[in-house]
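Novice: Before anything else, here's the structure in question.
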Amino acid sequence: MSWTVGQRRPAAAAVVIIAGLATLPSVAPTYYLHLLTLTFCYGIMAMSLDLLVGYTGLSSFGHAAYFGVAGYTAGVLATRFGWGFWPAAGTGVAAAALTAAVFGMLAIRAIGPYFLIITLALGQVIWGLAYRWVSMTGGDNGLRGIPRPLLGFGLNLGRIQEFYYFALAVTVVATGFMYLLVRSPFGLSLRGIRESESRMRVLGYDTFLHKYLVFVIAGLFSGLAGTLYVYYNSFVSPGDVNLVASANALLMVILGGTGTLFGSLVGSALLVFLQNLLSGITQRWLTVLGVILVLSVMYAPLGIVGAARAILARATSRPGTHDGAAPAPKPAENGEMVGPNS
Amino acid sequence: MAQRITRRTLLKGAAALAGVAGTGALDRLSPVVYAQGERPPIRIGFLPALTGTAAPSGRDMLDGLTLYLDQHNTTIGGRPVQLIVEDTGGNPTNTLTKTRKLVEGDRVHLVIGPLLANEGYAIRDYVIERKVPTILSVVSADDLTQRKGSPYLIRTSWSSSLPSHPFGEYAYATLKYRKIAMLGNDYAFPYEVNGGFQRMFEAQGGQIVQRLWAPLGTPDFSPYVTQFRRDVDAIYATTAGADAIRFAHAYRQYGLKDRIPLIGGGTLMDESLLRGMVPEDAVGVVTALHWSAALRTPEARKFVAAYVAKYQKDPSYYAEACYTAGRWIDVATTHIGGKVEDRDAFLLALRSLQLPDAPRGPIRLDAYQNPIENVYVRKVERAGTLTGPASQTFAAQSGGLVNSVIYTFHNVSQFWTFKPEEYLKQPVYDRNYPPCKFCG
C-alpha cells in the first residue's frame with residue numbers, strides 16, 4: 001500500500017481543480033454553472049454508490065431511493081410545513097440515513113444478484129410512495145415551489161452563482177469525507193470484503209456490520225446529494241426516484257471507473273454534459289450517447305479514471321522500454337477489477 | 001502485441017467514424033432553423049419530448065410548428081426566426097435543465113412547450129422568476145391557468161377538464177346515460193379529465209358507480225376490463241399514449257364493445273393513435289376534444305391538407321396545437337411591429353389576441369390566459385362511409401378511421417358555466433376528488 005508515497009501530486013491536482021472550479025463563475029456563462037451544479041448533485045450520489053459498488057462489491061440498484069427520500073423530506077418540510085433551510089435539509093439527510101438503516105437490514109443479508117433485486121424492489125417502494133402519496137408529494141405532478149434560502153453572511157442561494165459555490169463547497173466536503181473513509185482501515189476492510197468475504201470473516205471481521213455501516217453511510221451521502229438537488233431545482237418528481245435514476249447513478253460510477261471515487265464525479269460530469277449538449281446538436285443524441293458508452297466499456301473497462309491511471313502508470317513506470325522484460329501490471333487488458341492501490 | 005495494435009487501430013477507426021457520423025448528423029439534423037433577413041432573428045425555444053414514452057406526441061408537436069414556420073418562410077412578425085429545439089425526453093427534470101439552457105444560454109425571447117403536466121409544473125416557477133413569456137402549447141394541467149396561473153404563462157391549447165364539463169352534460173342529456181363506470185390512467189391528467197366529466201354528469205343527475213385507475217403503460221388491460229360493472233349504461237375512459245390502443249383492444253376482446261357503449265376523454269381516440277388501432281376496436285367510440293382532423297371548416301381543411309401533404313399522416317391535436325401556437329406568436333408579434341424585446345408589450349399582445357380562424361375554430365383567452373374555444377363531440381367512423389370534405393383527411397384516403405364531429409359546443413371556458421371565483425374555491429380534480437358517492 002502506498003499511503004504516503006505520491007500523496008503530494010494528487011493533493012496538488014485537487015487544489016488546482018477546486019481553484020479552477022471556483023474561478024469559473026466569473027468567466028463561464030451561467031448555463032454551465034447550472035450543468036456543473038447538477039454534476040455535483042449527481043456526482044455526490046454516484047460517489048456514495050461507488051462506496052458500495054466499487055469498494056465493497058455490493059451492486060445496489062436502488063440508490064436513487066435515498067436521494068429521493070431526502071429530497072422529498074426536505075421539500076415537503078419546506079413547502080407544506082414552512083421549515084427553514086437548515087432544519088429541513090438536516091432532517092432530509094437524516095431521513096435518508098434512517099431509510100438506508102432500515103433497508104440495509106433487509107438487503108445486506110443477501111448477496112450478488114439477490115442483493116441487487118432486493119435493493120431494486122426497495123427503491124421501487126420509495127418510488128411508489130412518491131407517486132402515490134399525492135397529498136404529501138404531489139404525485140406525478142411533482143413537488144414544486146421549494147424556496148432557495150438566504151443563508152447567513154449575505155449568501156443568497158436564489159442566485160445561481162452563489163448556489164454554485166454552495167454546491168461546490170458541499171461537494172468538496174463530501175468528497176473529502178468519502179476519501180478519508182475509503183483510505184481508512186475501515187475502507188481497507190471493505191476492500192477485503194469485496195475481494196473475499198469468507199476470508200475476512202475467518203480473519204475475525206464482522207463483515208455484516210461492515211457492509212451494513214457502509215450501506216447506511218452511502219445512503220446518508222446520497223441523501224445529502226438529494227437535499228442539495230431539491231434546493232437547486234426547487235422541484236422534485238417521481239422521475240428522480242425511479243429505476244432510471246438509479247441506473248443512471250450506476251452508469252456514472254461505471255463510466256468514471258468503479259472503485260476510484262473521483263471517477264464517479266467524472267462520470268457524472270460526462271453524463272450530464274453529454275446529455276445536455278448533444279441533445280442541442282442532434283435529435284439522435286441517445287444513439288450517440290449509446291455509442292460513447294459502448295466504446296468506453298470496450299476500451300476503458302476500468303472507467304475513465306481507471307484508464308487514465310493505467311496510462312499514467314505505464315508512462316511513468318516504464319520510460320522508453322516498451323517491450324521490456326519488466327512484468328508491469330496491465331490492468332486494462334485482463335479486464336480484472338483493480339482497486340486504486342492494488 | 002499485435003492484438004493491441006489492432007485494437008488501437010480499431011479504436012481510432014471507430015472514433016473517426018463516430019466523428020464523421022456526428023458531423024453528418026450535425027449538418028442534417030441541426031434543429032436550428034435560420035432564415036436571412038435584415039432584422040435580428042427572434043429566438044424561440046421549443047420543448048417537445050422527442051424521446052421517451054411520449055415521443056410520438058412530441059414528434060407531432062415538432063411537425064406542427066415546423067409546418068407553420070415553413071409556410072411562412074421561417075419569419076414571424078416580419079423578423080426571421082431562430083427556432084431552438086430541445087428534447088425534454090418527457091422527463092420534468094430534463095425539461096427544467098433544458099429550459100435553463102434556452103433562457104440563460106440561448107437568451108430566447110419566448111418558450112413554447114412542454115408536453116406533460118409534470119414538465120409544465122417543473123418549469124413554472126423558473127420561467128416566472130425569469131419573466132420569460134411562455135406559450136403552453138400542449139400541456140393541459142388545469143392549475144397552470146387556474147390556481148397556479150401567472151401573467152407569464154399563456155396557454156393556447158386547452159385545460160384537461162375543459163372538454164369534459166360539456167361532455168358530462170351531453171352524456172346525460174343527449175346520450176341519455178344514467179349510470180357510468182370510469183377508467184383512467186393513474187396520474188394527474190386523467191384525474192382532471194375524468195373529474196370534470198364526473199362533476200357535470202352527476203350535477204345533471206347521473207351516477208358514476210365505479211372508478212378504476214390503471215398505471216400508465218399497463219401492458220394488458222384484461223384485469224381492468226373484466227372488473228367493469230355490467231349494469232351500467234356506458235363506460236367512460238381516459239388513457240394516454242399507446243395505452244389507448246391496448247385498452248380498446250381488450251374492451252372488444254372481452255365482448256364488451258357490443259354490449260356497453262364506450263365513451264371517453266379526447267386522448268383515447270387521438271388521431272396519432274387511430275393510425276395504429278384495429279378499426280373494429282375504435283368504430284363508434286364517442287369522445288370530446290377541442291380538435292378533430294375531420295372538422296369541415298375551410299380553415300381546418302386547409303391545415304389538414306397541408307399537413308397530410310407534408311407528413312403523410314393525419315394531424316393529431318398536438319400538431320394542431322403547435323401549428324396554432326406558431327400562428328398565435330406570429331399575429332401577436334406583427335401587432336407590436338416585431339418588437340419582442342419589449343416584454344410587457346409582447347405579453348400584452350399575446351394575452352389580448354383573438355384568432356377567429358384557427359384550424360380548430362375561434363380562440364380567445366380568458367382572464368386567466370386559458371383559451372375559450374369550441375369543444376367537439378366526436379365519433380370514430382370508418383372513413384369510407386364519409387362523404388364531402390372530411391374524406392380528404394389522410395386516414396380517409398387510406399380507408400382508416402376518422403373522428404367525425406357529431407356535436408359542437410361553442411366558446412367553452414375552462415370554468416364552463418361557473419363563476420371563476422366560485423370554481424376556484426374547489427380543489428383541483430384528483431384521484432379522490434370529486435368523491436365517488438355512488439361507488440360501492
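So you can find residues: chains in the C-alpha cells are A, B, ... in the order shown, residues in each start at 1, and ligands are numbered from 1 in order.
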Find the residues near range 261-275 of chain A: any atom within 10 Å, counting only C-alpha atoms, skip ones fewer than 5 places away on the same chain, and give them as JSON, numbers by chain.

Specialist: {"A": [32, 35, 36, 37, 38, 39, 40, 41, 42, 43, 44, 45, 46, 47, 48, 49, 50, 51, 54, 55, 171, 175, 178, 179, 182, 248, 249, 250, 251, 252, 253, 254, 255, 256, 280, 285, 286, 288, 289, 292, 293, 302, 303, 304, 305, 306, 340], "B": [94]}

Novice: Okay, now the selection with N, CA and C atoms, as a short mmCIF file (atom, residue, chain, number, x, y, z; two decimals), in the first residue's frame?

Specialist:
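The result, written out as out03.cif:
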```cif
data_model
loop_
_atom_site.label_atom_id
_atom_site.label_comp_id
_atom_site.auth_asym_id
_atom_site.auth_seq_id
_atom_site.Cartn_x
_atom_site.Cartn_y
_atom_site.Cartn_z
N TYR A 32 -23.57 26.93 -17.90
CA TYR A 32 -22.61 25.90 -17.50
C TYR A 32 -22.56 25.74 -15.98
N LEU A 35 -25.25 23.32 -15.25
CA LEU A 35 -24.86 21.94 -15.54
C LEU A 35 -23.88 21.43 -14.50
N LEU A 36 -22.95 22.27 -14.08
CA LEU A 36 -21.98 21.84 -13.08
C LEU A 36 -22.65 21.57 -11.73
N THR A 37 -23.62 22.42 -11.39
CA THR A 37 -24.33 22.19 -10.12
C THR A 37 -25.04 20.84 -10.16
N LEU A 38 -25.67 20.54 -11.30
CA LEU A 38 -26.30 19.22 -11.46
C LEU A 38 -25.25 18.12 -11.35
N THR A 39 -24.08 18.36 -11.98
CA THR A 39 -22.99 17.38 -11.91
C THR A 39 -22.60 17.11 -10.46
N PHE A 40 -22.55 18.17 -9.66
CA PHE A 40 -22.18 17.98 -8.25
C PHE A 40 -23.23 17.12 -7.54
N CYS A 41 -24.51 17.44 -7.75
CA CYS A 41 -25.57 16.67 -7.08
C CYS A 41 -25.46 15.20 -7.45
N TYR A 42 -25.45 14.92 -8.76
CA TYR A 42 -25.38 13.53 -9.20
C TYR A 42 -24.04 12.91 -8.82
N GLY A 43 -22.99 13.73 -8.82
CA GLY A 43 -21.66 13.23 -8.51
C GLY A 43 -21.57 12.71 -7.08
N ILE A 44 -22.15 13.46 -6.15
CA ILE A 44 -22.12 13.00 -4.75
C ILE A 44 -22.89 11.69 -4.64
N MET A 45 -24.05 11.63 -5.32
CA MET A 45 -24.82 10.38 -5.27
C MET A 45 -24.00 9.23 -5.85
N ALA A 46 -23.35 9.47 -7.01
CA ALA A 46 -22.58 8.41 -7.66
C ALA A 46 -21.40 7.98 -6.79
N MET A 47 -20.74 8.94 -6.16
CA MET A 47 -19.60 8.58 -5.29
C MET A 47 -20.07 7.72 -4.13
N SER A 48 -21.22 8.09 -3.56
CA SER A 48 -21.71 7.29 -2.44
C SER A 48 -22.07 5.88 -2.91
N LEU A 49 -22.55 5.79 -4.14
CA LEU A 49 -22.84 4.47 -4.70
C LEU A 49 -21.54 3.70 -4.94
N ASP A 50 -20.49 4.42 -5.30
CA ASP A 50 -19.20 3.77 -5.53
C ASP A 50 -18.67 3.14 -4.25
N LEU A 51 -19.00 3.73 -3.10
CA LEU A 51 -18.61 3.11 -1.84
C LEU A 51 -19.13 1.68 -1.78
N GLY A 54 -17.96 -0.14 -5.86
CA GLY A 54 -16.53 -0.25 -6.15
C GLY A 54 -15.71 -0.73 -4.98
N TYR A 55 -16.08 -0.32 -3.78
CA TYR A 55 -15.22 -0.62 -2.64
C TYR A 55 -15.68 -1.84 -1.85
N THR A 171 -19.80 19.65 -2.11
CA THR A 171 -19.18 18.54 -2.84
C THR A 171 -17.76 18.29 -2.34
N THR A 175 -16.77 14.88 -0.66
CA THR A 175 -15.73 14.08 -1.31
C THR A 175 -14.59 13.80 -0.32
N MET A 178 -15.61 11.08 2.10
CA MET A 178 -15.63 9.74 1.50
C MET A 178 -14.22 9.27 1.18
N TYR A 179 -13.36 10.23 0.80
CA TYR A 179 -11.97 9.87 0.51
C TYR A 179 -11.30 9.34 1.77
N VAL A 182 -12.56 5.78 2.55
CA VAL A 182 -12.00 4.64 1.80
C VAL A 182 -10.52 4.46 2.09
N ASN A 248 -28.97 5.40 -13.81
CA ASN A 248 -28.08 6.48 -14.22
C ASN A 248 -26.92 6.63 -13.26
N ALA A 249 -27.22 6.54 -11.96
CA ALA A 249 -26.15 6.66 -10.96
C ALA A 249 -25.13 5.55 -11.16
N LEU A 250 -25.65 4.34 -11.39
CA LEU A 250 -24.75 3.20 -11.60
C LEU A 250 -23.89 3.41 -12.85
N LEU A 251 -24.53 3.97 -13.86
CA LEU A 251 -23.82 4.25 -15.11
C LEU A 251 -22.69 5.25 -14.89
N MET A 252 -22.96 6.25 -14.08
CA MET A 252 -21.92 7.25 -13.79
C MET A 252 -20.74 6.59 -13.11
N VAL A 253 -21.04 5.69 -12.16
CA VAL A 253 -19.97 5.00 -11.45
C VAL A 253 -19.13 4.17 -12.41
N ILE A 254 -19.81 3.40 -13.25
CA ILE A 254 -19.10 2.50 -14.16
C ILE A 254 -18.30 3.30 -15.19
N LEU A 255 -18.93 4.35 -15.70
CA LEU A 255 -18.29 5.18 -16.72
C LEU A 255 -17.04 5.84 -16.17
N GLY A 256 -17.13 6.33 -14.94
CA GLY A 256 -15.98 7.01 -14.34
C GLY A 256 -14.93 6.01 -13.87
N GLY A 280 -28.75 19.24 -27.88
CA GLY A 280 -28.91 20.50 -28.58
C GLY A 280 -28.41 20.43 -30.01
N TRP A 285 -29.42 12.08 -30.20
CA TRP A 285 -28.40 12.15 -29.16
C TRP A 285 -28.30 10.88 -28.35
N LEU A 286 -29.44 10.17 -28.21
CA LEU A 286 -29.39 8.92 -27.45
C LEU A 286 -28.49 7.91 -28.14
N VAL A 288 -25.89 8.57 -30.11
CA VAL A 288 -24.50 8.99 -29.93
C VAL A 288 -24.03 8.64 -28.52
N LEU A 289 -24.90 8.90 -27.54
CA LEU A 289 -24.56 8.58 -26.16
C LEU A 289 -24.32 7.08 -26.01
N ILE A 292 -20.96 6.10 -27.41
CA ILE A 292 -19.88 6.50 -26.50
C ILE A 292 -19.79 5.53 -25.32
N LEU A 293 -20.94 5.14 -24.79
CA LEU A 293 -20.92 4.23 -23.65
C LEU A 293 -20.34 2.88 -24.04
N LEU A 302 -12.06 -0.10 -17.05
CA LEU A 302 -11.88 0.39 -15.68
C LEU A 302 -12.46 1.79 -15.53
N GLY A 303 -13.16 2.25 -16.54
CA GLY A 303 -13.70 3.59 -16.47
C GLY A 303 -12.68 4.61 -16.90
N ILE A 304 -13.10 5.84 -16.96
CA ILE A 304 -12.22 6.88 -17.48
C ILE A 304 -11.04 7.11 -16.55
N VAL A 305 -11.33 7.22 -15.26
CA VAL A 305 -10.25 7.47 -14.31
C VAL A 305 -9.33 6.25 -14.24
N GLY A 306 -9.93 5.06 -14.27
CA GLY A 306 -9.12 3.83 -14.25
C GLY A 306 -8.18 3.77 -15.43
N PRO A 340 -7.56 1.06 -6.69
CA PRO A 340 -6.58 2.11 -6.99
C PRO A 340 -5.21 1.84 -6.39
N ASN B 94 -35.25 17.02 -16.78
CA ASN B 94 -34.59 17.41 -18.04
C ASN B 94 -35.23 18.66 -18.59
#
```

Novice: For Pro166 in chain B, please output as a PyMOL selection string all residues within 12 Å (counting only C-alpha atoms; exclusion window: fewer than 4 positions along the same chain).

Specialist: chain B and resi 161-162+170-174+193+196-201+203-204+265+287-290+374-377+407-418

Novice: Kindly save the residues from that selection, with C-alpha atoms included, as a PDB file, in the first residue's frame.

Specialist:
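Saved as selection.pdb:
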```pdb
ATOM      1  CA  SER B 161     -61.218  19.307 -17.843  1.00  0.00           C
ATOM      2  CA  LEU B 162     -62.380  21.922 -20.358  1.00  0.00           C
ATOM      3  CA  TYR B 170     -74.030  15.802 -23.137  1.00  0.00           C
ATOM      4  CA  ALA B 171     -73.701  12.217 -21.901  1.00  0.00           C
ATOM      5  CA  TYR B 172     -76.668  12.733 -19.608  1.00  0.00           C
ATOM      6  CA  ALA B 173     -78.930  14.908 -21.739  1.00  0.00           C
ATOM      7  CA  THR B 174     -78.283  13.703 -25.276  1.00  0.00           C
ATOM      8  CA  VAL B 193     -60.333  14.816 -17.453  1.00  0.00           C
ATOM      9  CA  GLY B 196     -64.618  17.297 -14.867  1.00  0.00           C
ATOM     10  CA  PHE B 197     -66.830  14.728 -16.549  1.00  0.00           C
ATOM     11  CA  GLN B 198     -67.993  13.240 -13.263  1.00  0.00           C
ATOM     12  CA  ARG B 199     -68.799  16.622 -11.784  1.00  0.00           C
ATOM     13  CA  MET B 200     -71.113  17.734 -14.580  1.00  0.00           C
ATOM     14  CA  PHE B 201     -72.587  14.287 -15.222  1.00  0.00           C
ATOM     15  CA  ALA B 203     -74.733  17.578 -11.427  1.00  0.00           C
ATOM     16  CA  GLN B 204     -77.307  16.610 -14.061  1.00  0.00           C
ATOM     17  CA  GLY B 265     -61.636  11.792 -22.993  1.00  0.00           C
ATOM     18  CA  THR B 287     -65.020  11.272 -27.193  1.00  0.00           C
ATOM     19  CA  ALA B 288     -64.788  15.045 -26.658  1.00  0.00           C
ATOM     20  CA  LEU B 289     -61.894  17.337 -27.519  1.00  0.00           C
ATOM     21  CA  HIS B 290     -61.243  20.800 -28.924  1.00  0.00           C
ATOM     22  CA  ASN B 374     -65.096  25.083 -29.241  1.00  0.00           C
ATOM     23  CA  VAL B 375     -65.456  21.574 -27.923  1.00  0.00           C
ATOM     24  CA  TYR B 376     -66.311  18.857 -30.397  1.00  0.00           C
ATOM     25  CA  VAL B 377     -68.087  15.644 -29.558  1.00  0.00           C
ATOM     26  CA  TYR B 407     -71.953  17.908 -31.929  1.00  0.00           C
ATOM     27  CA  THR B 408     -70.254  21.246 -31.260  1.00  0.00           C
ATOM     28  CA  PHE B 409     -70.217  23.265 -28.043  1.00  0.00           C
ATOM     29  CA  HIS B 410     -69.256  26.814 -28.964  1.00  0.00           C
ATOM     30  CA  ASN B 411     -66.856  29.019 -26.984  1.00  0.00           C
ATOM     31  CA  VAL B 412     -66.347  26.834 -23.932  1.00  0.00           C
ATOM     32  CA  SER B 413     -64.436  28.279 -20.980  1.00  0.00           C
ATOM     33  CA  GLN B 414     -62.319  26.284 -18.534  1.00  0.00           C
ATOM     34  CA  PHE B 415     -64.838  27.299 -15.878  1.00  0.00           C
ATOM     35  CA  TRP B 416     -67.764  26.070 -18.006  1.00  0.00           C
ATOM     36  CA  THR B 417     -70.868  27.826 -16.626  1.00  0.00           C
ATOM     37  CA  PHE B 418     -69.418  28.552 -13.185  1.00  0.00           C
TER      38      PHE B 418
END
```

Novice: Set the distance at 9 Å and use only C-alpha atoms: which residues neighbour Ala141 in chain B once local chain neighbours fewer than 4 positions away are removed? I'd like the list as number ranges by chain.

Specialist: A: 141; B: 116-118, 120-121, 145, 158-161, 188-189, 192

Novice: Rank nothing, just name the residue among B:Tyr368, B:Trp328, B:Phe303, B:Tyr423 nearest to Gln71 in chain B, using only C-alpha atoms.

Specialist: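 The shortest atom-to-atom distance to Gln71 in chain B comes from B:Phe303.
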
Novice: Using only C-alpha atoms, find the residues of chain A whose closest atom to chain B is at most 7 Å away, then write them as a list in words.

Specialist: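 That gives Thr30, Tyr31, Asp140, Asn141, Gly142, Arg144, Gly145, Phe235, Gly239, Ser279, Gly280, Ile281, Thr282 and Gln283 of chain A for chain A.
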
Novice: Which residues are close to Tyr72 in chain A, i.e. within 8 Å by only C-alpha atoms, leaving aside same-chain residues fewer than 2 positions away? Reply as a list in words.

Specialist: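 Once the nearby chain positions are removed, what remains is Gly68, Val69, Ala70, Ala74, Gly75, Val76, Gly92, Ala130, Thr137, Leu143, Val230 and Val236 of chain A.
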
Novice: Quick one, how far is CA of Glu162 in chain A from CA of Pro149 in chain A?

Specialist: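 Going from CA of Glu162 in chain A over to CA of Pro149 in chain A covers 11.0 Å.
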
Novice: Leaving out Pro371 in chain B and any residue of its chain fewer than 5 positions from it, which residues lie within 7 Å of it when counting only C-alpha atoms, given as a ChimeraX atom specification?

Specialist: /B:155-158,363-366,413

Novice: Keeping only C-alpha atoms, write the selected residues as an mmCIF file, in the first residue's frame.

Specialist:
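Saved as part19.cif:
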```cif
data_model
loop_
_atom_site.group_PDB
_atom_site.id
_atom_site.type_symbol
_atom_site.label_atom_id
_atom_site.label_comp_id
_atom_site.auth_asym_id
_atom_site.auth_seq_id
_atom_site.Cartn_x
_atom_site.Cartn_y
_atom_site.Cartn_z
ATOM 1 C CA ARG B 155 -51.996 28.728 -22.804
ATOM 2 C CA THR B 156 -53.056 28.270 -26.397
ATOM 3 C CA SER B 157 -54.109 24.641 -26.105
ATOM 4 C CA TRP B 158 -56.668 23.534 -23.519
ATOM 5 C CA ILE B 363 -59.944 31.051 -29.926
ATOM 6 C CA ARG B 364 -59.639 33.849 -27.399
ATOM 7 C CA LEU B 365 -58.184 33.855 -23.897
ATOM 8 C CA ASP B 366 -59.993 34.308 -20.616
ATOM 9 C CA SER B 413 -64.436 28.279 -20.980
#
```

Novice: Could you go through range 54-236 of chain B and tell me which residues DSSP, when run on the backbone, assigns to strand (DSSP E), listing them as a PyMOL selection string?

Specialist: chain B and resi 75-76+79-85+110-112+134-136+153-155+179-185+207-214+234-236

Novice: Those same residues - N, CA and C atoms - I'd like them written as a compact mmCIF listing (two decimals), in the first residue's frame.

Specialist:
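This is the output file selection-v1.txt:
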```txt
# COMPACT_ATOMS: atom_id res chain seq x y z
N THR B 75 -40.31 33.19 -41.00
CA THR B 75 -40.34 34.53 -40.41
C THR B 75 -41.59 34.66 -39.55
N ILE B 76 -41.49 35.47 -38.52
CA ILE B 76 -42.62 35.73 -37.64
C ILE B 76 -42.65 37.23 -37.39
N ARG B 79 -39.87 39.27 -38.85
CA ARG B 79 -38.49 39.00 -38.46
C ARG B 79 -38.15 37.54 -38.67
N PRO B 80 -36.90 37.25 -39.05
CA PRO B 80 -36.54 35.84 -39.17
C PRO B 80 -36.61 35.15 -37.82
N VAL B 81 -36.76 33.85 -37.86
CA VAL B 81 -36.92 33.07 -36.63
C VAL B 81 -35.74 32.14 -36.46
N GLN B 82 -35.20 32.13 -35.27
CA GLN B 82 -34.23 31.10 -34.92
C GLN B 82 -34.94 30.17 -33.95
N LEU B 83 -35.32 29.01 -34.45
CA LEU B 83 -36.04 28.06 -33.61
C LEU B 83 -35.03 27.12 -32.96
N ILE B 84 -35.01 27.08 -31.66
CA ILE B 84 -34.06 26.21 -30.95
C ILE B 84 -34.87 25.11 -30.29
N VAL B 85 -34.71 23.90 -30.80
CA VAL B 85 -35.49 22.77 -30.31
C VAL B 85 -34.67 22.01 -29.29
N LEU B 110 -38.92 33.85 -26.15
CA LEU B 110 -40.03 33.16 -25.53
C LEU B 110 -39.83 31.66 -25.63
N VAL B 111 -40.61 30.94 -24.84
CA VAL B 111 -40.51 29.49 -24.80
C VAL B 111 -41.86 28.91 -25.22
N ILE B 112 -41.83 27.87 -26.06
CA ILE B 112 -43.06 27.15 -26.40
C ILE B 112 -42.93 25.73 -25.87
N THR B 134 -44.11 32.45 -21.81
CA THR B 134 -44.14 31.02 -22.08
C THR B 134 -45.49 30.65 -22.67
N ILE B 135 -45.43 30.08 -23.87
CA ILE B 135 -46.66 29.62 -24.51
C ILE B 135 -46.83 28.15 -24.17
N LEU B 136 -47.86 27.84 -23.39
CA LEU B 136 -48.15 26.44 -23.08
C LEU B 136 -48.93 25.89 -24.27
N LEU B 153 -47.54 32.86 -18.13
CA LEU B 153 -47.97 31.59 -18.71
C LEU B 153 -49.19 31.84 -19.57
N ILE B 154 -49.03 31.62 -20.87
CA ILE B 154 -50.14 31.83 -21.79
C ILE B 154 -50.44 30.52 -22.48
N ARG B 155 -51.66 30.05 -22.27
CA ARG B 155 -52.00 28.73 -22.80
C ARG B 155 -52.78 28.89 -24.09
N LYS B 179 -76.09 5.73 -15.59
CA LYS B 179 -75.06 5.12 -14.74
C LYS B 179 -73.83 4.81 -15.59
N ILE B 180 -72.68 5.28 -15.11
CA ILE B 180 -71.45 5.12 -15.88
C ILE B 180 -70.33 4.60 -14.98
N ALA B 181 -69.52 3.69 -15.51
CA ALA B 181 -68.29 3.25 -14.83
C ALA B 181 -67.11 3.92 -15.54
N MET B 182 -66.08 4.26 -14.76
CA MET B 182 -64.96 5.03 -15.30
C MET B 182 -63.63 4.31 -15.17
N LEU B 183 -62.78 4.54 -16.16
CA LEU B 183 -61.40 4.07 -16.06
C LEU B 183 -60.47 5.20 -16.49
N GLY B 184 -59.33 5.30 -15.85
CA GLY B 184 -58.35 6.29 -16.27
C GLY B 184 -56.96 5.79 -15.98
N ASN B 185 -55.97 6.31 -16.70
CA ASN B 185 -54.59 6.05 -16.31
C ASN B 185 -54.37 6.75 -14.98
N GLN B 207 -75.02 9.08 -12.36
CA GLN B 207 -74.25 8.45 -11.28
C GLN B 207 -73.00 7.79 -11.84
N ILE B 208 -71.85 8.13 -11.23
CA ILE B 208 -70.62 7.38 -11.52
C ILE B 208 -70.58 6.27 -10.47
N VAL B 209 -70.69 5.01 -10.90
CA VAL B 209 -70.83 3.93 -9.93
C VAL B 209 -69.54 3.15 -9.72
N GLN B 210 -68.51 3.46 -10.52
CA GLN B 210 -67.26 2.72 -10.36
C GLN B 210 -66.12 3.54 -10.96
N ARG B 211 -64.98 3.53 -10.27
CA ARG B 211 -63.81 4.22 -10.82
C ARG B 211 -62.59 3.30 -10.73
N LEU B 212 -61.95 3.07 -11.85
CA LEU B 212 -60.73 2.25 -11.87
C LEU B 212 -59.57 3.09 -12.36
N TRP B 213 -58.39 2.86 -11.78
CA TRP B 213 -57.19 3.57 -12.23
C TRP B 213 -56.14 2.55 -12.60
N ALA B 214 -55.68 2.61 -13.84
CA ALA B 214 -54.65 1.68 -14.31
C ALA B 214 -53.34 2.45 -14.49
N ALA B 234 -72.89 3.01 -19.81
CA ALA B 234 -71.71 3.27 -20.64
C ALA B 234 -70.45 3.19 -19.79
N ILE B 235 -69.31 3.03 -20.46
CA ILE B 235 -68.00 3.10 -19.81
C ILE B 235 -67.32 4.36 -20.31
N TYR B 236 -66.75 5.14 -19.38
CA TYR B 236 -66.02 6.35 -19.75
C TYR B 236 -64.55 6.12 -19.44
```

Novice: Would you compute the distance between CA of Lys425 in chain B and CA of Lys148 in chain B? Give it in Å to one decimal.

Specialist: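 CA of Lys148 in chain B lies at a distance of 13.0 Å from CA of Lys425 in chain B.
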
Novice: Could you give me the residues within range 98-326 of chain A that DSSP places in helix (DSSP H, G or I), as a count of residues only?

Specialist: 173

Novice: Please compute the CA of His63 in chain A-CA of Leu168 in chain A distance, one decimal, in Å.

Specialist: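 Going from CA of His63 in chain A over to CA of Leu168 in chain A, I get 21.8 Å.
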
Novice: Residues at most 12 Å from Phe186 in chain A, counting only C-alpha atoms, excluding those fewer than 2 positions away in the same chain, as a list of chain:residue names?

Specialist: A:Leu51, A:Tyr55, A:Thr56, A:Met178, A:Tyr179, A:Leu180, A:Leu181, A:Val182, A:Arg183, A:Ser184, A:Leu188, A:Ser189, A:Leu190, A:Arg191, A:Gly192, A:Ile193, A:Tyr205, A:Asp206, A:Thr207, A:Leu209, A:His210, A:Lys211, A:Leu213, A:Val214
